[in-house]
Every structure is written in C-alpha cells, then in structure tokens.
file run28.txt (compact mmCIF, C-alpha atoms and all ligand atoms)
# COMPACT_ATOMS: atom_id res chain seq x y z
CA MET A 1 -20.66 253.73 58.70
CA ASN A 2 -18.70 255.62 56.11
CA GLU A 3 -16.57 258.63 57.07
CA ILE A 4 -19.13 261.30 56.30
CA GLU A 5 -21.83 259.46 58.26
CA THR A 6 -19.43 259.10 61.19
CA ILE A 7 -18.65 262.82 61.14
CA VAL A 8 -22.29 263.93 60.84
CA CYS A 9 -23.51 261.51 63.50
CA GLN A 10 -20.92 262.78 65.97
CA LEU A 11 -21.65 266.41 65.10
CA LEU A 12 -25.40 266.03 65.48
CA GLN A 13 -25.19 263.46 68.29
CA CYS A 14 -27.51 261.09 66.48
CA LYS A 15 -27.59 257.53 65.18
CA ARG A 16 -26.92 256.54 61.58
CA GLY A 17 -30.56 255.60 61.02
CA ASP A 18 -31.68 259.12 62.05
CA LEU A 19 -29.79 260.58 59.10
CA TYR A 20 -32.14 258.83 56.70
CA LEU A 21 -35.32 258.16 58.68
CA ASN A 22 -35.56 261.18 60.94
CA LYS A 23 -34.33 264.02 58.77
CA ASP A 24 -36.30 266.77 60.53
CA ARG A 25 -34.89 265.90 63.92
CA VAL A 26 -31.30 266.00 62.72
CA ALA A 27 -31.44 269.13 60.54
CA PRO A 28 -28.12 270.91 61.26
CA THR A 29 -28.11 274.45 62.66
CA GLY A 30 -25.99 277.16 61.03
CA GLN A 31 -23.27 276.61 63.63
CA GLU A 32 -23.24 272.89 62.95
CA TRP A 33 -22.90 273.48 59.19
CA ASN A 34 -19.89 275.72 59.89
CA ARG A 35 -18.28 273.07 62.05
CA LEU A 36 -18.94 270.42 59.45
CA GLU A 37 -17.29 272.61 56.81
CA ARG A 38 -14.23 273.15 58.98
CA ILE A 39 -13.88 269.42 59.68
CA LEU A 40 -14.23 268.50 55.99
CA GLU A 41 -11.67 271.11 54.93
CA LYS A 42 -9.10 269.72 57.38
CA ARG A 43 -9.92 266.15 56.39
CA VAL A 44 -9.34 266.98 52.71
CA GLN A 45 -5.98 268.47 53.70
CA GLY A 46 -5.02 265.14 55.26
CA ALA A 47 -5.88 265.48 58.98
CA PRO A 48 -6.79 262.05 60.41
CA LEU A 49 -10.51 261.57 61.01
CA GLN A 50 -9.92 260.40 64.59
CA TYR A 51 -8.13 263.65 65.52
CA LEU A 52 -10.91 265.71 63.97
CA LEU A 53 -13.56 263.79 65.92
CA GLY A 54 -11.36 263.62 69.03
CA GLU A 55 -12.17 259.97 69.59
CA THR A 56 -11.99 256.44 68.27
CA GLU A 57 -13.05 252.91 69.13
CA PHE A 58 -10.68 250.08 69.95
CA PHE A 59 -11.54 246.55 71.08
CA GLY A 60 -15.07 247.73 71.90
CA ILE A 61 -13.94 250.62 74.10
CA ARG A 62 -14.18 254.35 73.42
CA LEU A 63 -10.95 256.33 73.57
CA CYS A 64 -10.40 260.08 73.36
CA LEU A 65 -7.59 261.20 71.10
CA LYS A 66 -5.73 264.28 70.12
CA PRO A 67 -2.72 265.09 67.94
CA GLY A 68 0.47 263.92 69.60
CA VAL A 69 -1.05 260.54 70.48
CA LEU A 70 -0.91 257.54 68.11
CA ILE A 71 -4.27 256.48 66.68
CA PRO A 72 -4.96 252.85 67.72
CA ARG A 73 -5.16 250.52 64.71
CA PRO A 74 -7.52 247.57 64.19
CA GLU A 75 -4.44 245.31 63.72
CA THR A 76 -3.50 246.00 67.33
CA GLU A 77 -6.74 244.31 68.40
CA THR A 78 -5.10 241.05 67.28
CA LEU A 79 -2.26 241.79 69.73
CA VAL A 80 -4.76 242.33 72.55
CA SER A 81 -6.81 239.21 71.81
CA GLU A 82 -3.70 237.03 71.56
CA THR A 83 -2.42 238.47 74.83
CA LEU A 84 -5.71 237.85 76.65
CA GLN A 85 -6.06 234.32 75.25
CA SER A 86 -2.51 233.34 76.19
CA ILE A 87 -2.81 234.76 79.69
CA GLN A 88 -6.09 232.95 80.21
CA ALA A 89 -4.58 229.70 78.91
CA SER A 90 -1.62 230.09 81.28
CA GLY A 91 -3.98 230.35 84.23
CA LYS A 92 -1.94 233.25 85.64
CA THR A 93 -4.72 235.78 85.54
CA SER A 94 -3.56 237.62 88.67
CA ALA A 95 -0.23 238.34 86.98
CA ARG A 96 1.86 241.50 86.65
CA ILE A 97 1.52 242.87 83.13
CA LEU A 98 3.52 245.66 81.52
CA ASP A 99 2.40 247.61 78.44
CA ILE A 100 5.40 249.39 76.88
CA GLY A 101 4.63 252.53 74.88
CA THR A 102 1.03 252.76 75.97
CA GLY A 103 0.11 255.77 73.77
CA SER A 104 -3.63 256.37 74.18
CA GLY A 105 -3.65 253.57 76.75
CA ASN A 106 -5.56 251.33 74.34
CA ILE A 107 -3.81 248.03 75.14
CA ALA A 108 -3.59 248.48 78.91
CA ILE A 109 -7.20 249.65 79.13
CA ALA A 110 -8.49 246.81 76.93
CA CYS A 111 -6.68 244.41 79.28
CA ALA A 112 -8.00 246.14 82.40
CA VAL A 113 -11.64 246.02 81.30
CA SER A 114 -11.38 242.35 80.32
CA GLU A 115 -12.99 239.79 82.60
CA VAL A 116 -9.86 237.65 82.16
CA LEU A 117 -7.59 240.13 83.93
CA LYS A 118 -9.78 241.32 86.80
CA GLU A 119 -7.09 240.34 89.31
CA ALA A 120 -4.07 241.47 87.31
CA GLU A 121 -1.66 244.21 88.26
CA ILE A 122 -1.28 246.34 85.14
CA TYR A 123 1.53 248.81 84.46
CA ALA A 124 1.67 251.09 81.43
CA VAL A 125 4.68 253.21 80.47
CA ASP A 126 5.38 255.82 77.84
CA ILE A 127 8.11 258.37 77.28
CA SER A 128 5.63 260.99 76.04
CA PRO A 129 3.88 263.13 78.69
CA ILE A 130 1.13 263.98 76.15
CA ALA A 131 0.42 260.28 75.61
CA LEU A 132 0.45 259.51 79.34
CA LYS A 133 -2.01 262.31 80.08
CA GLN A 134 -4.35 261.00 77.39
CA ALA A 135 -3.96 257.39 78.58
CA LYS A 136 -4.86 258.38 82.15
CA LEU A 137 -7.91 260.28 80.91
CA ASN A 138 -8.98 257.27 78.82
CA ALA A 139 -8.55 254.95 81.79
CA ARG A 140 -10.85 257.24 83.81
CA LEU A 141 -13.41 257.35 80.99
CA ASN A 142 -13.46 253.56 80.94
CA GLY A 143 -13.68 253.19 84.71
CA VAL A 144 -10.30 251.49 85.15
CA ALA A 145 -8.09 254.36 86.39
CA GLY A 146 -7.50 252.54 89.68
CA ARG A 147 -6.46 249.35 87.88
CA ILE A 148 -3.49 250.68 85.87
CA LYS A 149 -0.28 252.27 87.10
CA PHE A 150 0.86 254.80 84.49
CA LEU A 151 4.53 255.75 84.59
CA LYS A 152 6.76 258.01 82.51
CA SER A 153 9.56 255.81 81.30
CA ASP A 154 11.89 255.25 78.37
CA LEU A 155 11.11 251.54 77.87
CA PHE A 156 12.24 249.87 81.14
CA SER A 157 14.16 252.85 82.53
CA CYS A 158 11.83 253.49 85.49
CA PHE A 159 12.20 249.86 86.67
CA LYS A 160 15.97 249.70 86.38
CA LYS A 161 16.82 250.43 89.99
CA THR A 162 14.32 248.01 91.50
CA LYS A 163 14.84 245.40 88.74
CA GLN A 164 11.07 244.91 88.85
CA GLN A 165 9.85 241.86 86.96
CA PHE A 166 6.66 241.14 85.05
CA ASP A 167 4.88 237.93 84.10
CA PHE A 168 3.76 239.30 80.75
CA ILE A 169 5.07 242.16 78.65
CA VAL A 170 3.02 243.51 75.76
CA SER A 171 4.04 246.20 73.31
CA ASN A 172 3.21 247.77 70.00
CA PRO A 173 6.47 249.69 69.66
CA PRO A 174 7.29 252.11 66.85
CA TYR A 175 8.43 249.90 63.97
CA ILE A 176 8.54 251.94 60.77
CA ALA A 177 12.09 252.55 59.53
CA ASP A 178 12.84 256.23 60.11
CA ASP A 179 13.86 256.84 56.50
CA GLU A 180 10.42 255.69 55.31
CA PHE A 181 8.59 258.63 56.89
CA GLU A 182 8.23 260.58 53.63
CA THR A 183 6.62 257.58 51.93
CA LEU A 184 3.79 257.34 54.49
CA PRO A 185 0.27 258.56 53.62
CA LEU A 186 -0.37 262.19 54.64
CA ASP A 187 -2.73 261.32 57.47
CA VAL A 188 -0.17 258.92 58.96
CA GLN A 189 2.47 261.68 58.72
CA ALA A 190 0.16 263.76 60.94
CA GLU A 191 0.74 261.29 63.79
CA PRO A 192 3.65 261.54 66.25
CA ARG A 193 6.96 260.39 64.76
CA LEU A 194 7.99 259.30 68.24
CA ALA A 195 5.25 256.66 68.17
CA LEU A 196 5.79 255.52 64.59
CA LEU A 197 9.46 255.49 63.73
CA ALA A 198 12.37 253.37 64.86
CA GLN A 199 16.05 253.47 64.04
CA ALA A 200 18.00 250.42 62.87
CA GLY A 201 15.64 249.88 59.94
CA GLY A 202 12.60 249.77 62.26
CA PHE A 203 14.10 247.23 64.69
CA TYR A 204 15.62 249.45 67.39
CA PHE A 205 12.81 248.94 69.92
CA TYR A 206 12.58 245.19 69.40
CA ARG A 207 16.29 244.90 70.16
CA SER A 208 15.94 247.09 73.27
CA ILE A 209 12.90 245.15 74.46
CA GLU A 210 14.78 241.87 73.93
CA GLN A 211 17.62 243.19 76.09
CA GLY A 212 15.37 244.67 78.81
CA SER A 213 13.18 241.58 79.01
CA ARG A 214 16.20 239.50 79.96
CA THR A 215 16.02 241.33 83.30
CA HIS A 216 12.39 242.39 83.58
CA LEU A 217 10.48 239.33 82.38
CA VAL A 218 10.16 236.41 84.78
CA SER A 219 11.42 233.04 83.78
CA GLY A 220 8.48 231.32 82.04
CA GLY A 221 6.97 234.74 81.24
CA TYR A 222 5.70 235.81 77.84
CA LEU A 223 6.35 238.70 75.50
CA PHE A 224 3.67 239.79 73.03
CA LEU A 225 4.86 242.15 70.31
CA GLU A 226 3.13 243.73 67.37
CA ILE A 227 5.28 243.69 64.22
CA GLY A 228 5.20 245.04 60.68
CA HIS A 229 3.89 242.49 58.14
CA ASP A 230 7.39 241.79 56.76
CA GLN A 231 9.37 241.85 60.01
CA ALA A 232 8.86 238.30 61.31
CA PRO A 233 12.14 236.82 59.95
CA GLU A 234 14.25 239.58 61.56
CA LEU A 235 12.30 239.26 64.82
CA ARG A 236 13.14 235.55 64.91
CA LYS A 237 16.80 236.50 64.58
CA ILE A 238 16.58 239.09 67.38
CA PHE A 239 15.09 236.44 69.68
CA SER A 240 17.33 233.63 68.48
CA ASP A 241 19.35 233.20 71.69
CA SER A 242 17.93 229.81 72.61
CA SER A 243 19.50 229.89 76.05
CA VAL A 244 16.97 232.65 76.93
CA TRP A 245 14.02 232.45 74.50
CA GLN A 246 11.77 229.66 73.34
CA GLU A 247 8.48 229.00 71.54
CA SER A 248 8.31 231.95 69.24
CA LYS A 249 4.97 231.99 67.49
CA ILE A 250 3.84 234.34 64.73
CA VAL A 251 0.15 235.23 64.55
CA LYS A 252 -1.53 236.78 61.53
CA ASP A 253 -3.96 239.71 61.65
CA LEU A 254 -7.44 239.64 60.13
CA CYS A 255 -5.95 240.60 56.75
CA GLY A 256 -3.80 237.45 56.85
CA ARG A 257 -0.51 239.28 57.42
CA ASP A 258 2.09 238.50 60.07
CA ARG A 259 1.27 240.86 62.95
CA VAL A 260 2.04 239.46 66.40
CA VAL A 261 5.03 237.62 67.81
CA ILE A 262 4.67 235.61 71.01
CA ILE A 263 7.88 234.59 72.76
CA ARG A 264 8.39 232.70 75.99
CA LYS A 265 11.35 233.20 78.28
CA LYS A 266 13.02 230.04 79.52
N1 LIG B 301 0.07 251.33 72.49
C1 LIG B 301 -0.34 252.32 71.53
C2 LIG B 301 -1.01 251.63 70.34
O1 LIG B 301 -0.88 250.46 70.18
C3 LIG B 301 0.80 253.22 71.10
C4 LIG B 301 1.89 252.50 70.39
C5 LIG B 301 3.06 253.40 70.01
O2 LIG B 301 3.23 254.49 70.53
N2 LIG B 301 3.85 252.93 69.10
O3 LIG B 301 -1.69 252.22 69.57
call {"tool": "encode", "arguments": {"input": "run28.txt", "output": "structure tokens"}}
result
Amino acid sequence: MNEIETIVCQLLQCKRGDLYLNKDRVAPTGQEWNRLERILEKRVQGAPLQYLLGETEFFGIRLCLKPGVLIPRPETETLVSETLQSIQASGKTSARILDIGTGSGNIAIACAVSEVLKEAEIYAVDISPIALKQAKLNARLNGVAGRIKFLKSDLFSCFKKTKQQFDFIVSNPPYIADDEFETLPLDVQAEPRLALLAQAGGFYFYRSIEQGSRTHLVSGGYLFLEIGHDQAPELRKIFSDSSVWQESKIVKDLCGRDRVVIIRKK
C-alpha cells in the first residue's frame, strides 16, 4: 500500500481493495474529508505518517505510537529475528532476556509473542516515562502484558544494587552522532532526540552497554545490538577485550548493510 492508501484505509476503516472495487461503500463523509485534509497538511509539513495514524506494524504485530516514542524501523526486525534464532539455537528458551531502551516495546513484545520464547522471563527498560507507558499499552494490546516486566531505568541502573544478570541482552540504542541531528530528514527530526542521538560520535551507549554487560550478562550469554551501517569497525574495537568477549558476528539487514552485532561473553 502506498501512503495515501494507508491513510485513507485507516480513516475509512476499510481494505485496500474497497477503495477501488467498492467505491460507494467507502465514500467519505464531510467529517472524514476534513480529517483527511488535516492529516495530509501535517504530512506535507514533515510529520511522520506513523504519528499521524497513531500506529505502525513491526514483525507482524500492531503497535500504537505517539510523538515522544521512536518509530520502529524495518531494519530492527533483523535484530529481532537474529535474536530469536540465536536463542533457539542455544536451547536456552526459558532464559532471562533484557531489552534496553524498549521505546514502543517493539523488541520485547516481538520476543514475548514468539513461540520460541514462551518460557522466557523478559525485562524491558527505558529512561523515558512516555515510552514506558506506550510500551505497556502495546504489550496489553498484544496480549503479553503479563509476560514482560517494564522498568524505568537508565540502561542498567535499576539492576545495579541487586547485580541482576541476564542470559541475553538485546538493544537498539540511540546511535546517531548528536552533531548530525540537523542533517536528518524532517520526519526523523520529529522523533525524540533521546531515542536517536548518542554522544561520543554515536558510540556512547555501546560503550556503556559493554561496561554494564560485564556485570549483568552471564558468562556464556549473548548481546545483540543494532548498529548504524558504518559502525561495525568501531563496535569491534569497543568489544575487543578478548578476556571478556568472543565470537563477534556482524549480520546484514535486508538492504545488505551491516545492521546487527552479536557478541558472546566468555
Ligand atoms: N527499542 C525501540 C526500537 O527499536 C526504541 C529504540 C530507541 O529508543 N533507540 O525501535
């Protein structure tokens, strides 16, 4: 579906085919025309389609969205599928899994609905209360609210005292260098900076996750990280302490660009 079809189908609550084959049934009312006009005006001004519609799809699940919460990207589906495949291959399907920076809850929820992780204990943290509220709502909408523990936390901060450990840690942290903000497309600039930008040239969160995982990832556990397409060499350096880390693997997304790093702790 193209954008305009997506907008009209949501507005009129109909299927794409109805737009062309069932024109009488889907004739918009005056109110619907007004709403359509308002949506198109905002879209032309650069508002992201997903915020205007209030929803998106990710890994086959429906997620509600609003400004202040990062819009899940198709590339992140590669992170989820790699995570699920590796966990299944490890045989540790009743593991403890942590999703850092859960945002809309997309990764944690995709894991929770998966057959592979029916027995898993899933934790999802975020520093943003707006994101956490949305993630909890999305978990309810997808019938997995009872399966995920959502916690407000700055990376590992809420686990510091207990030194809680996880078998798998997955994250799509902010990774755009903070001085690149102005160069981003307008609709990306409409998304929360907190979820997009990272200091240290985009590497701040990878370094912090490397540090925190020394304590909070079990020995033999795995880290799954989404990365920018040109960040793999620096990531290798960040995880180059071979007394702690082994088996780093880079996986490409469907566009053939480096997108996911998988690292095992010794
Ligand atoms: N986990 C969310 C996503 O992948 C949010 C990530 C973030 O805030 N950087 O879309």
call {"tool": "closest_residue", "arguments": {"input": "run28.txt", "among": "A:Leu79, A:Pro173, A:Pro129, A:Cys9", "to": "Lys252 in chain A", "atoms": "all atoms listed in the file"}}
result
A:Leu79
call {"tool": "closest_residue", "arguments": {"input": "run28.txt", "among": "A:Ile97, A:Ala232, A:Leu151, A:Ala120", "to": "Gln165 in chain A", "atoms": "all atoms listed in the file"}}
result
A:Ile97
call {"tool": "closest_residue", "arguments": {"input": "run28.txt", "among": "A:Phe150, A:Phe224, A:Phe181, A:Tyr175", "to": "ligand LIG 301 (chain B)", "atoms": "only C-alpha atoms and all ligand atoms"}}
result
A:Tyr175
call {"tool": "residues_near_ligand", "arguments": {"input": "run28.txt", "ligand": "ligand LIG 301 (chain B)", "cutoff": "6 Å", "atoms": "all atoms listed in the file", "output": "list in words"}}
result
Leu70, Ile71, Pro72, Thr76, Gly101, Thr102, Gly103, Ser104, Asn106, Ile107, Asn172, Pro173, Pro174, Ala195 and Leu196 of chain A
call {"tool": "atom_distance", "arguments": {"input": "run28.txt", "atom1": "CA of Ile39 in chain A", "atom2": "CA of Leu12 in chain A"}}
result
13.3 Å
call {"tool": "closest_residue", "arguments": {"input": "run28.txt", "among": "A:Gly105, A:Gly91, A:Gly54, A:Gly202", "to": "Glu180 in chain A", "atoms": "only C-alpha atoms"}}
result
A:Gly202
call {"tool": "residues_around", "arguments": {"input": "run28.txt", "residues": "Ile122 in chain A", "least_positions_apart": "2", "cutoff": "9 Å", "atoms": "only C-alpha atoms", "output": "list of chain:residue names"}}
result
A:Ala95, A:Arg96, A:Ile97, A:Leu98, A:Asp99, A:Ala108, A:Cys111, A:Ala112, A:Leu117, A:Ala120, A:Ala124, A:Arg147, A:Ile148, A:Lys149, A:Phe150
call {"tool": "residues_around", "arguments": {"input": "run28.txt", "residues": "Arg25 in chain A", "least_positions_apart": "3", "cutoff": "12 Å", "atoms": "all atoms listed in the file", "output": "list in words"}}
result
Leu12, Gln13, Cys14, Lys15, Gly17, Asp18, Leu19, Tyr20, Leu21, Asn22, Pro28 and Thr29 of chain A
call {"tool": "write_last_selection", "arguments": {"input": "run28.txt", "atoms": "C-alpha atoms", "output": "compact mmCIF listing (two decimals), in the frame of the given file"}}
result
# COMPACT_ATOMS: atom_id res chain seq x y z
CA LEU A 12 -25.40 266.03 65.48
CA GLN A 13 -25.19 263.46 68.29
CA CYS A 14 -27.51 261.09 66.48
CA LYS A 15 -27.59 257.53 65.18
CA GLY A 17 -30.56 255.60 61.02
CA ASP A 18 -31.68 259.12 62.05
CA LEU A 19 -29.79 260.58 59.10
CA TYR A 20 -32.14 258.83 56.70
CA LEU A 21 -35.32 258.16 58.68
CA ASN A 22 -35.56 261.18 60.94
CA PRO A 28 -28.12 270.91 61.26
CA THR A 29 -28.11 274.45 62.66
call {"tool": "residues_near_point", "arguments": {"input": "run28.txt", "point": "(-6.0, 253.2, 61.5)", "cutoff": "9 Å", "atoms": "only C-alpha atoms", "output": "list in words"}}
result
Pro48, Gln50, Ile71, Pro72, Arg73, Pro74, Glu75 and Val188 of chain A
call {"tool": "atom_distance", "arguments": {"input": "run28.txt", "atom1": "CA of Ala47 in chain A", "atom2": "CA of Asp187 in chain A"}}
result
5.4 Å
call {"tool": "atom_distance", "arguments": {"input": "run28.txt", "atom1": "CA of Tyr206 in chain A", "atom2": "CA of Val113 in chain A"}}
result
27.0 Å
call {"tool": "closest_residue", "arguments": {"input": "run28.txt", "among": "A:Ala110, A:Leu217, A:Val8, A:Val80", "to": "Glu37 in chain A", "atoms": "all atoms listed in the file"}}
result
A:Val8
call {"tool": "closest_residue", "arguments": {"input": "run28.txt", "among": "A:Glu77, A:Cys64, A:Glu119, A:Ile109", "to": "Ser94 in chain A", "atoms": "all atoms listed in the file"}}
result
A:Glu119
call {"tool": "residues_around", "arguments": {"input": "run28.txt", "residues": "Arg214 in chain A", "least_positions_apart": "3", "cutoff": "12 Å", "atoms": "only C-alpha atoms", "output": "ChimeraX atom specification"}}
result
/A:156,163-166,169,207-211,217-223,239,241,243-245,264-266
